[in-house]
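K.L.:
What follows is query-v1.txt, compact mmCIF, C-alpha atoms and all ligand atoms.
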```txt
# COMPACT_ATOMS: atom_id res chain seq x y z
CA MET A 1 126.65 87.52 107.24
CA TYR A 2 124.61 84.79 105.61
CA HIS A 3 120.97 84.42 106.37
CA SER A 4 120.30 80.99 107.70
CA ARG A 5 117.86 78.76 105.89
CA GLY A 6 114.43 78.46 107.36
CA GLN A 7 114.22 82.11 108.39
CA ALA A 8 110.70 83.34 107.78
CA ARG A 9 110.44 85.05 104.40
CA GLY A 10 106.74 85.13 103.78
CA VAL A 11 105.01 85.83 100.49
CA GLU A 12 104.74 89.63 100.64
CA ARG A 13 104.65 90.80 97.05
CA LEU A 14 102.28 90.39 94.15
CA TYR A 15 103.46 91.38 90.68
CA LEU A 16 100.88 91.89 87.96
CA ASP A 17 102.02 92.16 84.35
CA PHE A 18 99.64 92.44 81.40
CA ASP A 19 100.20 90.13 78.45
CA SER A 20 101.18 91.85 75.18
CA PHE A 21 99.59 94.98 76.61
CA PHE A 22 99.42 97.33 73.62
CA ALA A 23 98.29 94.55 71.30
CA SER A 24 95.69 93.30 73.81
CA ALA A 25 94.48 96.87 74.31
CA GLU A 26 93.89 97.21 70.56
CA GLN A 27 92.03 93.88 70.55
CA HIS A 28 90.02 95.03 73.54
CA PHE A 29 88.88 98.22 71.87
CA ASN A 30 88.32 96.65 68.45
CA PRO A 31 86.61 93.22 68.67
CA ASP A 32 87.44 92.57 64.98
CA LEU A 33 91.09 92.21 66.00
CA ARG A 34 90.43 89.50 68.62
CA GLY A 35 91.88 86.13 67.80
CA GLN A 36 94.04 87.66 65.06
CA PRO A 37 97.78 88.13 64.81
CA VAL A 38 98.18 91.85 65.53
CA GLY A 39 101.31 93.96 65.60
CA VAL A 40 101.47 97.43 67.13
CA VAL A 41 103.96 99.78 65.48
CA PRO A 42 105.02 103.30 66.44
CA LEU A 43 104.82 104.66 62.88
CA ASP A 44 102.93 104.01 59.69
CA SER A 45 106.11 102.78 57.98
CA LEU A 46 107.21 99.45 56.52
CA HIS A 47 110.60 99.42 58.24
CA THR A 48 109.41 100.22 61.71
CA GLY A 49 109.62 97.49 64.36
CA CYS A 50 106.65 96.12 66.31
CA ILE A 51 106.55 97.46 69.86
CA ALA A 52 104.05 94.73 70.77
CA VAL A 53 102.60 91.66 69.06
CA SER A 54 99.46 89.77 70.07
CA ARG A 55 99.59 86.27 71.50
CA GLU A 56 98.29 84.93 68.17
CA ALA A 57 101.27 86.53 66.42
CA LYS A 58 103.66 85.16 69.04
CA ALA A 59 102.23 81.68 68.52
CA ARG A 60 103.12 81.97 64.82
CA GLY A 61 106.70 82.92 65.63
CA VAL A 62 106.51 86.71 65.31
CA LYS A 63 108.50 88.51 67.96
CA SER A 64 108.38 91.99 69.37
CA GLY A 65 110.88 94.22 67.60
CA MET A 66 110.44 92.58 64.18
CA THR A 67 109.76 94.94 61.28
CA ILE A 68 106.43 94.86 59.46
CA ALA A 69 108.23 93.43 56.42
CA LYS A 70 109.79 90.59 58.43
CA ALA A 71 106.56 89.82 60.31
CA ARG A 72 104.65 89.65 57.00
CA GLU A 73 107.14 87.09 55.73
CA ILE A 74 106.23 84.84 58.66
CA THR A 75 102.52 85.68 58.86
CA PRO A 76 101.15 87.29 55.70
CA GLU A 77 97.70 87.82 57.24
CA MET A 78 99.09 89.82 60.17
CA VAL A 79 97.25 93.08 60.94
CA PHE A 80 99.28 96.14 61.90
CA VAL A 81 98.02 99.11 63.84
CA VAL A 82 99.72 102.34 64.86
CA ALA A 83 100.21 102.83 68.61
CA ARG A 84 97.85 105.24 70.34
CA HIS A 85 99.62 106.11 73.57
CA ASP A 86 96.99 108.42 75.00
CA VAL A 87 94.42 105.62 74.67
CA TYR A 88 96.76 103.21 76.48
CA VAL A 89 97.38 105.69 79.29
CA ARG A 90 93.64 106.17 79.81
CA LEU A 91 93.21 102.40 79.89
CA HIS A 92 96.12 102.10 82.34
CA LYS A 93 94.38 104.48 84.74
CA ARG A 94 91.11 102.57 84.55
CA ILE A 95 93.02 99.34 85.16
CA LEU A 96 94.60 100.80 88.30
CA GLU A 97 91.15 101.72 89.58
CA VAL A 98 89.92 98.16 89.08
CA ILE A 99 93.00 96.63 90.74
CA GLU A 100 92.44 99.01 93.66
CA THR A 101 89.02 97.48 94.27
CA VAL A 102 90.86 94.27 95.21
CA LEU A 103 94.28 95.36 96.50
CA PRO A 104 96.04 98.68 97.04
CA VAL A 105 98.64 99.32 94.36
CA ALA A 106 101.99 99.98 96.05
CA GLN A 107 103.98 100.86 92.96
CA VAL A 108 103.33 101.37 89.28
CA ARG A 109 106.37 99.93 87.50
CA SER A 110 105.31 100.62 83.93
CA ILE A 111 102.17 101.19 81.92
CA ASP A 112 101.28 97.48 82.29
CA GLU A 113 103.05 96.38 85.45
CA VAL A 114 102.21 97.03 89.09
CA VAL A 115 103.36 95.76 92.47
CA CYS A 116 101.07 95.20 95.45
CA HIS A 117 102.25 94.59 99.01
CA LEU A 118 100.48 91.67 100.68
CA LEU A 119 99.34 91.24 104.23
CA PRO A 120 99.77 87.69 105.58
CA SER A 121 95.99 87.15 105.29
CA GLU A 122 96.10 88.19 101.63
CA ALA A 123 99.15 86.05 100.87
CA GLU A 124 97.34 83.07 102.38
CA GLN A 125 94.71 83.36 99.65
CA GLY A 126 97.38 82.45 97.12
CA GLU A 127 95.95 81.79 93.68
CA ARG A 128 92.45 82.80 94.81
CA LEU A 129 93.67 86.38 95.22
CA ALA A 130 95.07 86.30 91.68
CA LYS A 131 91.76 84.93 90.41
CA TRP A 132 89.84 87.80 92.05
CA LEU A 133 92.13 90.30 90.41
CA LYS A 134 91.67 88.61 87.05
CA ALA A 135 87.89 88.35 87.53
CA ALA A 136 87.62 92.04 88.48
CA LEU A 137 89.57 92.97 85.35
CA ALA A 138 87.63 90.58 83.10
CA SER A 139 84.26 91.85 84.33
CA THR A 140 85.24 95.48 83.70
CA PHE A 141 87.12 95.01 80.45
CA SER A 142 87.13 91.95 78.19
CA ASP A 143 88.76 88.56 78.35
CA VAL A 144 91.42 89.59 75.82
CA LEU A 145 93.01 91.98 78.28
CA THR A 146 94.72 89.29 80.35
CA CYS A 147 97.54 89.57 82.83
CA SER A 148 100.01 87.23 84.46
CA ILE A 149 100.46 87.35 88.20
CA GLY A 150 103.38 86.30 90.36
CA MET A 151 103.42 86.08 94.15
CA ALA A 152 106.64 85.72 96.13
CA PRO A 153 108.57 87.07 99.13
CA THR A 154 110.17 89.91 97.13
CA GLU A 155 109.27 92.04 94.14
CA LEU A 156 112.12 90.56 92.10
CA LEU A 157 110.92 86.99 92.70
CA ALA A 158 107.28 87.98 92.12
CA LYS A 159 108.25 89.58 88.79
CA ILE A 160 110.15 86.43 87.82
CA ALA A 161 107.11 84.37 88.86
CA ALA A 162 104.78 86.50 86.72
CA GLU A 163 106.96 85.71 83.67
CA GLN A 164 106.74 81.94 84.17
CA HIS A 165 103.40 81.08 82.59
CA LYS A 166 102.46 83.86 80.21
CA PRO A 167 99.80 84.55 79.00
CA ASP A 168 97.12 84.61 81.70
CA GLY A 169 99.47 82.89 84.12
CA PHE A 170 99.90 82.54 87.82
CA GLN A 171 102.89 81.37 89.78
CA LEU A 172 103.67 81.36 93.45
CA ILE A 173 107.32 81.16 94.48
CA GLU A 174 108.01 80.46 98.11
CA ALA A 175 111.43 80.97 99.67
CA ASP A 176 111.56 77.35 100.80
CA HIS A 177 111.19 76.13 97.21
CA LEU A 178 114.32 77.91 96.04
CA PRO A 179 116.58 77.35 94.25
CA GLN A 180 114.74 74.27 92.85
CA ALA A 181 111.68 76.28 91.76
CA LEU A 182 113.83 78.28 89.32
CA ALA A 183 116.35 75.56 88.45
CA GLY A 184 115.51 75.58 84.74
CA ILE A 185 115.30 79.32 84.21
CA ASP A 186 117.55 80.93 81.62
CA LEU A 187 119.69 83.58 83.30
CA ASN A 188 118.82 85.94 80.44
CA ASP A 189 115.20 85.81 81.58
CA LEU A 190 116.01 87.26 84.99
CA PRO A 191 115.16 90.95 85.35
CA GLY A 192 118.39 92.83 86.03
CA VAL A 193 120.60 90.39 84.11
CA SER A 194 121.54 92.14 80.89
CA THR A 195 123.54 90.51 78.10
CA GLY A 196 126.66 92.23 79.44
CA MET A 197 125.97 90.98 82.94
CA ARG A 198 125.37 87.50 81.57
CA ALA A 199 128.91 87.53 80.15
CA ARG A 200 130.35 88.65 83.48
CA LEU A 201 128.45 85.92 85.29
CA GLU A 202 129.71 83.37 82.80
CA ALA A 203 133.28 84.57 83.33
CA ALA A 204 132.78 84.07 87.06
CA GLY A 205 131.61 80.49 86.47
CA VAL A 206 127.92 81.24 86.98
CA LYS A 207 126.10 79.39 84.22
CA ASP A 208 122.75 78.49 85.76
CA PHE A 209 120.37 79.53 88.49
CA ALA A 210 121.79 77.05 91.03
CA SER A 211 125.27 78.54 90.76
CA LEU A 212 123.83 82.06 90.84
CA TRP A 213 121.97 81.10 94.00
CA ALA A 214 125.13 79.70 95.56
CA LEU A 215 126.99 83.03 95.29
CA ALA A 216 127.75 84.96 98.44
CA PRO A 217 126.35 88.54 98.54
CA LYS A 218 129.90 89.94 98.32
CA GLN A 219 130.62 87.85 95.22
CA ALA A 220 127.45 89.16 93.59
CA ARG A 221 128.54 92.69 94.41
CA ALA A 222 131.96 92.04 92.83
CA ILE A 223 130.47 90.55 89.64
CA TRP A 224 128.00 93.41 89.24
CA GLY A 225 130.68 95.89 90.19
CA SER A 226 128.20 97.75 92.35
CA VAL A 227 125.80 97.50 95.26
CA GLU A 228 123.22 96.42 92.65
CA GLY A 229 124.73 92.92 92.83
CA GLU A 230 124.00 92.68 96.51
CA ARG A 231 120.51 94.10 95.96
CA PHE A 232 119.90 91.46 93.32
CA TRP A 233 121.23 88.74 95.64
CA ASN A 234 118.85 89.85 98.37
CA GLY A 235 115.89 89.99 95.99
CA VAL A 236 116.57 86.50 94.66
CA HIS A 237 117.02 85.11 98.17
CA GLY A 238 113.77 86.60 99.38
CA PHE A 239 115.04 89.60 101.35
CA HIS A 240 113.73 93.13 100.85
CA THR A 241 116.21 95.88 100.26
CA GLU A 242 113.78 98.75 99.64
CA ARG A 243 113.63 101.46 102.24
CA PRO A 244 110.74 101.25 104.66
CA VAL A 245 107.73 103.23 103.50
CA THR A 246 107.15 106.48 105.34
CA LYS A 247 104.16 106.36 107.65
CA LYS A 248 100.91 107.42 106.08
CA SER A 249 99.28 110.47 107.59
CA MET A 250 95.96 110.12 105.79
CA PHE A 251 93.92 107.81 103.66
CA GLY A 252 91.80 109.22 100.94
CA HIS A 253 90.81 109.43 97.38
CA SER A 254 89.52 111.99 95.00
CA ARG A 255 87.93 111.71 91.64
CA MET A 256 86.62 113.79 88.80
CA LEU A 257 82.86 113.83 88.40
CA PRO A 258 81.44 113.25 84.94
CA ARG A 259 79.08 116.03 83.85
CA ASP A 260 75.91 114.17 84.80
CA TRP A 261 77.36 113.24 88.21
CA ARG A 262 77.56 116.80 89.54
CA THR A 263 74.30 116.66 91.52
CA HIS A 264 74.07 116.25 95.30
CA ASP A 265 72.61 112.74 95.02
CA LYS A 266 75.33 111.49 92.71
CA ILE A 267 78.10 113.25 94.66
CA ALA A 268 76.83 111.40 97.73
CA ILE A 269 77.10 108.01 95.95
CA CYS A 270 80.61 108.78 94.79
CA ALA A 271 81.71 110.11 98.21
CA ARG A 272 80.37 106.97 99.93
CA LEU A 273 82.44 104.73 97.67
CA LEU A 274 85.53 106.86 98.31
CA THR A 275 84.85 106.72 102.06
CA GLN A 276 84.46 102.94 102.13
CA SER A 277 87.67 102.49 100.19
CA ALA A 278 89.55 104.85 102.54
CA GLY A 279 88.00 103.05 105.54
CA ARG A 280 89.34 99.71 104.34
CA ARG A 281 92.78 101.26 104.08
CA VAL A 282 92.52 102.61 107.64
CA ARG A 283 91.72 99.11 108.93
CA ARG A 284 94.38 97.53 106.79
CA ALA A 285 96.99 99.85 108.32
CA GLU A 286 95.75 98.97 111.82
CA VAL A 287 95.21 102.58 112.81
CA ARG A 288 92.25 104.63 113.94
CA ALA A 289 91.26 108.01 112.53
CA THR A 290 89.81 111.06 114.23
CA LYS A 291 89.00 113.38 111.33
CA MET A 292 87.44 113.44 107.93
CA THR A 293 87.66 116.11 105.25
CA LEU A 294 85.17 116.27 102.42
CA GLY A 295 86.36 118.48 99.60
CA LEU A 296 84.60 119.71 96.49
CA ARG A 297 86.29 121.57 93.66
CA GLY A 298 84.74 123.47 90.84
CA GLY A 299 85.09 126.47 88.68
CA GLY A 300 86.76 127.02 85.37
CA SER A 301 87.58 124.20 83.05
CA ARG A 302 90.87 123.39 81.45
CA VAL A 303 91.67 125.79 78.66
CA ALA A 304 94.02 125.59 75.69
CA SER A 305 96.94 127.11 77.59
CA GLU A 306 96.88 124.11 79.96
CA THR A 307 96.14 126.30 82.95
CA ARG A 308 93.22 125.46 85.11
CA SER A 309 91.26 128.07 87.05
CA GLU A 310 90.20 125.77 89.81
CA ASN A 311 89.38 128.62 92.14
CA LEU A 312 86.12 127.30 93.58
CA ARG A 313 86.79 125.19 96.63
CA TRP A 314 84.52 123.97 99.33
CA ASN A 315 85.84 122.02 102.34
CA TRP A 316 84.23 120.49 105.34
CA GLU A 317 86.01 118.84 108.25
CA GLY A 318 84.41 116.60 110.84
CA ALA A 319 85.92 115.10 113.98
CA PHE A 320 85.03 111.93 115.88
CA LEU A 321 86.37 109.62 118.56
CA PRO A 322 89.22 107.44 117.27
CA ALA A 323 87.46 105.16 114.80
CA ARG A 324 88.13 102.45 112.27
CA ASP A 325 84.59 101.47 111.26
CA ASP A 326 82.58 102.39 108.18
CA HIS A 327 79.54 103.34 110.24
CA THR A 328 81.43 106.19 111.93
CA PHE A 329 83.03 107.29 108.67
CA LEU A 330 79.75 107.20 106.74
CA THR A 331 77.92 109.03 109.54
CA ALA A 332 80.55 111.77 109.47
CA LEU A 333 80.30 111.87 105.69
CA GLY A 334 76.53 112.27 106.03
CA ASP A 335 77.09 115.39 108.13
CA GLY A 336 79.48 116.74 105.54
CA LEU A 337 77.11 116.05 102.65
CA ALA A 338 74.24 117.76 104.52
CA GLU A 339 76.47 120.78 105.02
CA ALA A 340 77.32 120.76 101.32
CA LYS A 341 73.63 120.76 100.46
CA ARG A 342 73.13 123.84 102.65
CA THR A 343 76.18 125.88 101.73
CA LEU A 344 77.70 124.75 98.46
CA SER A 345 77.29 127.51 95.89
CA PHE A 346 78.81 125.96 92.77
CA ARG A 347 78.60 122.83 90.66
CA PRO A 348 81.59 120.69 91.66
CA ARG A 349 83.82 118.99 89.13
CA SER A 350 85.60 116.75 91.62
CA VAL A 351 85.04 115.25 95.04
CA SER A 352 87.60 114.09 97.59
CA VAL A 353 87.34 112.28 100.89
CA MET A 354 90.31 112.22 103.27
CA ILE A 355 90.33 110.31 106.55
CA HIS A 356 93.10 111.60 108.80
CA GLY A 357 94.15 112.43 112.36
CA LEU A 358 95.53 108.90 112.54
CA ILE A 359 96.42 107.16 115.78
CA SER A 360 97.90 103.68 115.93
CA SER A 361 95.45 101.13 117.29
CA ALA A 362 97.94 99.97 119.91
CA ASP A 363 98.25 103.49 121.35
CA ILE A 364 94.56 104.03 121.63
CA MET A 365 93.32 100.99 123.53
CA THR A 366 93.59 102.55 126.98
CA ASP A 367 92.98 106.16 125.95
CA LEU A 368 89.76 105.38 124.17
CA PHE A 369 87.93 104.53 127.35
CA ASP A 370 89.24 107.60 129.22
CA THR A 371 88.28 109.93 126.40
CA ALA A 372 84.88 108.30 126.07
CA ALA A 373 84.22 108.78 129.81
CA GLN A 374 84.73 112.55 129.48
CA ILE A 375 82.24 113.03 126.66
CA PRO A 376 78.47 113.06 127.32
CA GLY A 377 77.16 109.75 126.07
CA GLY A 378 80.74 108.72 125.36
CA ILE A 379 80.59 105.29 126.99
CA ALA A 380 77.41 104.31 125.19
CA ARG A 381 79.00 105.51 121.97
CA LYS A 382 82.10 103.44 122.69
CA THR A 383 80.02 100.25 123.04
CA ASP A 384 78.27 101.13 119.82
CA ARG A 385 81.59 101.80 118.18
CA GLU A 386 82.89 98.37 119.12
CA LYS A 387 79.82 96.81 117.56
CA TRP A 388 80.32 98.72 114.30
CA GLU A 389 84.03 97.86 114.30
CA ARG A 390 83.09 94.19 114.43
CA VAL A 391 80.68 94.73 111.54
CA SER A 392 83.40 96.39 109.44
CA ASP A 393 85.93 93.67 110.31
CA LEU A 394 83.36 91.04 109.45
CA MET A 395 82.70 92.67 106.10
CA ASP A 396 86.43 92.98 105.36
CA GLY A 397 86.74 89.31 106.28
CA VAL A 398 83.92 88.32 103.94
CA ARG A 399 85.49 90.37 101.16
CA ALA A 400 88.80 88.63 101.85
CA ARG A 401 87.19 85.18 101.63
CA LEU A 402 84.65 85.70 98.86
CA GLY A 403 86.26 88.44 96.83
CA PRO A 404 85.88 92.19 96.64
CA GLN A 405 82.43 92.29 95.10
CA ALA A 406 80.95 90.32 98.00
CA LEU A 407 79.77 93.16 100.21
CA THR A 408 79.60 96.86 100.66
CA MET A 409 77.69 98.81 103.25
CA GLY A 410 74.74 100.57 101.69
CA PRO A 411 73.58 100.33 98.10
CA GLN A 412 76.02 99.03 95.54
CA ALA A 413 76.63 101.76 93.04
CA ASP A 414 78.54 101.91 89.82
CA MET A 415 80.57 104.92 88.94
CA PRO A 416 80.91 105.60 85.26
CA GLY A 417 84.46 104.96 84.10
CA GLY A 418 85.53 103.04 87.14
CA TYR A 419 84.95 102.51 90.77
CA LEU A 420 87.16 105.01 92.50
CA GLY A 421 90.09 107.29 91.94
CA ALA A 422 93.28 106.16 93.57
CA LYS A 423 96.08 108.62 94.11
CA ILE A 424 99.12 106.98 92.66
CA ALA A 425 102.44 108.40 91.67
CA PHE A 426 102.57 107.58 88.00
CA GLY A 427 106.33 107.51 87.69
CA ARG A 428 107.16 107.70 84.03
CA ILE A 429 103.62 107.14 82.80
CA PRO A 430 102.58 110.35 81.07
CA ASP A 431 99.51 112.22 82.17
CA GLU A 432 96.62 112.76 79.79
CA ALA A 433 97.54 116.45 79.83
CA ASP A 434 100.87 115.51 78.25
CA PHE A 435 99.13 114.64 75.00
CA SER A 436 98.42 117.53 72.69
CA GLY A 437 95.96 117.51 69.85
CA PRO A 438 92.43 116.18 69.73
CA LYS A 439 91.51 113.30 71.98
CA ILE A 440 91.57 109.92 70.23
CA ALA A 441 88.53 107.75 70.81
CA ASP A 442 89.21 104.30 72.28
CA GLU A 443 87.57 102.51 69.36
CA ASP A 444 89.31 104.57 66.68
CA THR A 445 91.88 101.93 65.62
CA HIS A 446 94.66 103.41 63.46
CA PHE A 447 95.40 100.78 60.84
CA VAL A 448 98.72 100.82 59.04
CA THR A 449 98.13 101.90 55.44
CA ILE A 450 101.22 100.56 53.77
MG MG B 501 103.54 93.11 80.01
```
As structure tokens, what does this structure read like?
P.N.:
Amino acid sequence: MYHSRGQARGVERLYLDFDSFFASAEQHFNPDLRGQPVGVVPLDSLHTGCIAVSREAKARGVKSGMTIAKAREITPEMVFVVARHDVYVRLHKRILEVIETVLPVAQVRSIDEVVCHLLPSEAEQGERLAKWLKAALASTFSDVLTCSIGMAPTELLAKIAAEQHKPDGFQLIEADHLPQALAGIDLNDLPGVSTGMRARLEAAGVKDFASLWALAPKQARAIWGSVEGERFWNGVHGFHTERPVTKKSMFGHSRMLPRDWRTHDKIAICARLLTQSAGRRVRRAEVRATKMTLGLRGGGSRVASETRSENLRWNWEGAFLPARDDHTFLTALGDGLAEAKRTLSFRPRSVSVMIHGLISSADIMTDLFDTAAQIPGGIARKTDREKWERVSDLMDGVRARLGPQALTMGPQADMPGGYLGAKIAFGRIPDEADFSGPKIADEDTHFVTI
């Protein structure tokens, strides 16, 4: 069945794609390379192809994939550097942490591409939201590490939007503006349309976006020869086909503590930041939580055999009335930190905060009062709780209007190497542990010698 026009298909996805990522990363770490045509190659060899070229090189007509020899013909002054994948992976992780200060990352699509799911209130911000993301990245890194952002009803459309105005671009595609908004796009530029698929489309009389748009889902399926065609049709038309996400059972973060952050005072700063971030996620999901676990890990360090003797563990769990406000979470955390001060017998290497025992807000409205009535001081606490919930909502609202740096409860603190540690499935991005050999310093550019 066809979906009728005018059906609500709100802007629900944000796609963020870094511009010439490897080349920009090299320019970020080595200021001498900024403003220069730079090519990143996998090997120190004349016949190897560039895996990335900087925007300056692109402007001179050099394309990704060209050999050093060919690129030098076009741009004799071009600088070539050898790719340093472990450096890029470390940068990728720091980038995710910065993005997470603005929006939760739903999926990591590649080392330089992520998808965020948008609430209606976030989508309403439109380009402002993209500007906050870009400002957060620019203030942490440098202005050479730019990204292009697309916002649209589906991930496919958001990805297409992000490609529209590279570098440093922004594009919003709304369902109502289709197919006109993409009328001029080359079908080859659509993700999921390979050269082979292009030929099949052509054979079926589909030569431009308008005729692609006019296909019926079944026709798309027939051209693709698989359910992928129908998936593509849905994506282009603004309908999600991904399976619903399984319900979260907890919100939390953990992060490694740098050596000089392994004191009680510094652990407390770090744990507060983790708690506030988890609290925002609780409110965003419209649930209340009843428990918090503070975890500290220590013990042996990583050894050459890649095994880790992380045998020292300390855990504390606190319970509270169903809550969604930072005051409750930070008070509980305070209890946990005090307990750590009394009983912790080792120097921790990592700290984690998990907020769990989740109950949907809708379920709790009536129960909350009954439960409160049975606890000494419960009713007074409930009134207090409502006040603190309004404070947290107010602060979330201010953050949503003025940007993420606007407010936090308590002193603003900076963690070395990023704000917080988000737990993200890295897909095919390798872990730092996957790299053998000595660690390569960020600023240690590997110039091509030939
Ligand atoms: Mg990119």
K.L.:
Atom CA of Phe232 of chain A to atom CA of Leu16 of chain A: how many Å, to one decimal?
P.N.:
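Distance reported for this atom pair: 19.8 Å.
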K.L.:
To one decimal place in Å, what is the distance between atom CA of Thr445 of chain A and atom CA of Asp260 of chain A?
P.N.:
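We find that atom CA of Thr445 of chain A and atom CA of Asp260 of chain A lie 27.8 Å from each other.
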K.L.:
What do you get as a PyMOL selection string if you pick all residues at most 7 Å from ligand MG 501 (chain B), counting only C-alpha atoms and all ligand atoms?
P.N.:
chain A and resi 17-21+112-113
K.L.:
Could you pull the residues within 9 Å of Ala278 of chain A, counting all atoms listed in the file, minus those fewer than 6 positions along the same chain, as number ranges by chain?
P.N.:
A: 250-253, 353-355
K.L.:
Using all atoms listed in the file, which of A:Lys63, A:Arg349, A:Arg342, A:His327 sits nearest Arg385 of chain A?
P.N.:
A:His327
K.L.:
Considering all atoms listed in the file, give me a table of residues in segment 246-288 of chain A that are at most 10 Å from segment 294-297 of chain A, with the closest atom pair and distance in Å for each, as a tab-separated table.
P.N.:
```
residue	atom	partner	partner_atom	distance
A:Gly252	CA	A:Leu294	CA	9.8
A:Ser254	CA	A:Gly295	CA	8.6
A:Arg255	CA	A:Leu296	CA	9.9
A:Met256	CA	A:Arg297	CA	9.2
A:Leu257	CA	A:Arg297	CA	10.0
A:Ile267	CA	A:Leu296	CA	9.3
A:Ala271	CA	A:Leu294	CA	8.2
A:Thr275	CA	A:Leu294	CA	9.6
```
K.L.:
For a test of reading the model, state the distance in Å between atom CA of Trp213 of chain A and atom CA of Ala123 of chain A, rounded to one decimal.
P.N.:
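That distance, rounded to one decimal, is 24.3 Å.
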K.L.:
Which one of A:Asn234, A:Thr449, A:Thr290, A:Ser148 sits closest to Leu46 of chain A if you count all atoms listed in the file?
P.N.:
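Of all the options, A:Thr449 lies closest to Leu46 of chain A.
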K.L.:
Would you fill out segment 127-140 of chain A with N, CA and C atoms and return it as a tab-separated table (two decimals), keeping the file's coordinate frame?
P.N.:
```tsv
chain	number	residue	atom	x	y	z
A	127	GLU	N	96.48	81.65	95.03
A	127	GLU	CA	95.95	81.79	93.68
A	127	GLU	C	94.55	82.40	93.67
A	128	ARG	N	93.80	82.22	94.76
A	128	ARG	CA	92.45	82.80	94.81
A	128	ARG	C	92.50	84.32	94.64
A	129	LEU	N	93.50	84.92	95.30
A	129	LEU	CA	93.67	86.38	95.22
A	129	LEU	C	93.93	86.78	93.75
A	130	ALA	N	94.78	86.02	93.09
A	130	ALA	CA	95.07	86.30	91.68
A	130	ALA	C	93.81	86.14	90.84
A	131	LYS	N	92.99	85.15	91.17
A	131	LYS	CA	91.76	84.93	90.41
A	131	LYS	C	90.78	86.09	90.60
A	132	TRP	N	90.72	86.64	91.82
A	132	TRP	CA	89.84	87.80	92.05
A	132	TRP	C	90.29	88.98	91.23
A	133	LEU	N	91.60	89.20	91.21
A	133	LEU	CA	92.13	90.30	90.41
A	133	LEU	C	91.76	90.11	88.94
A	134	LYS	N	91.97	88.90	88.45
A	134	LYS	CA	91.67	88.61	87.05
A	134	LYS	C	90.17	88.73	86.77
A	135	ALA	N	89.35	88.27	87.72
A	135	ALA	CA	87.89	88.35	87.53
A	135	ALA	C	87.43	89.80	87.53
A	136	ALA	N	87.99	90.62	88.42
A	136	ALA	CA	87.62	92.04	88.48
A	136	ALA	C	87.98	92.72	87.15
A	137	LEU	N	89.14	92.37	86.62
A	137	LEU	CA	89.57	92.97	85.35
A	137	LEU	C	88.70	92.47	84.20
A	138	ALA	N	88.42	91.15	84.19
A	138	ALA	CA	87.63	90.58	83.10
A	138	ALA	C	86.21	91.13	83.09
A	139	SER	N	85.64	91.38	84.29
A	139	SER	CA	84.26	91.85	84.33
A	139	SER	C	84.17	93.32	83.94
A	140	THR	N	85.26	94.07	84.09
A	140	THR	CA	85.24	95.48	83.70
A	140	THR	C	85.65	95.65	82.24
```
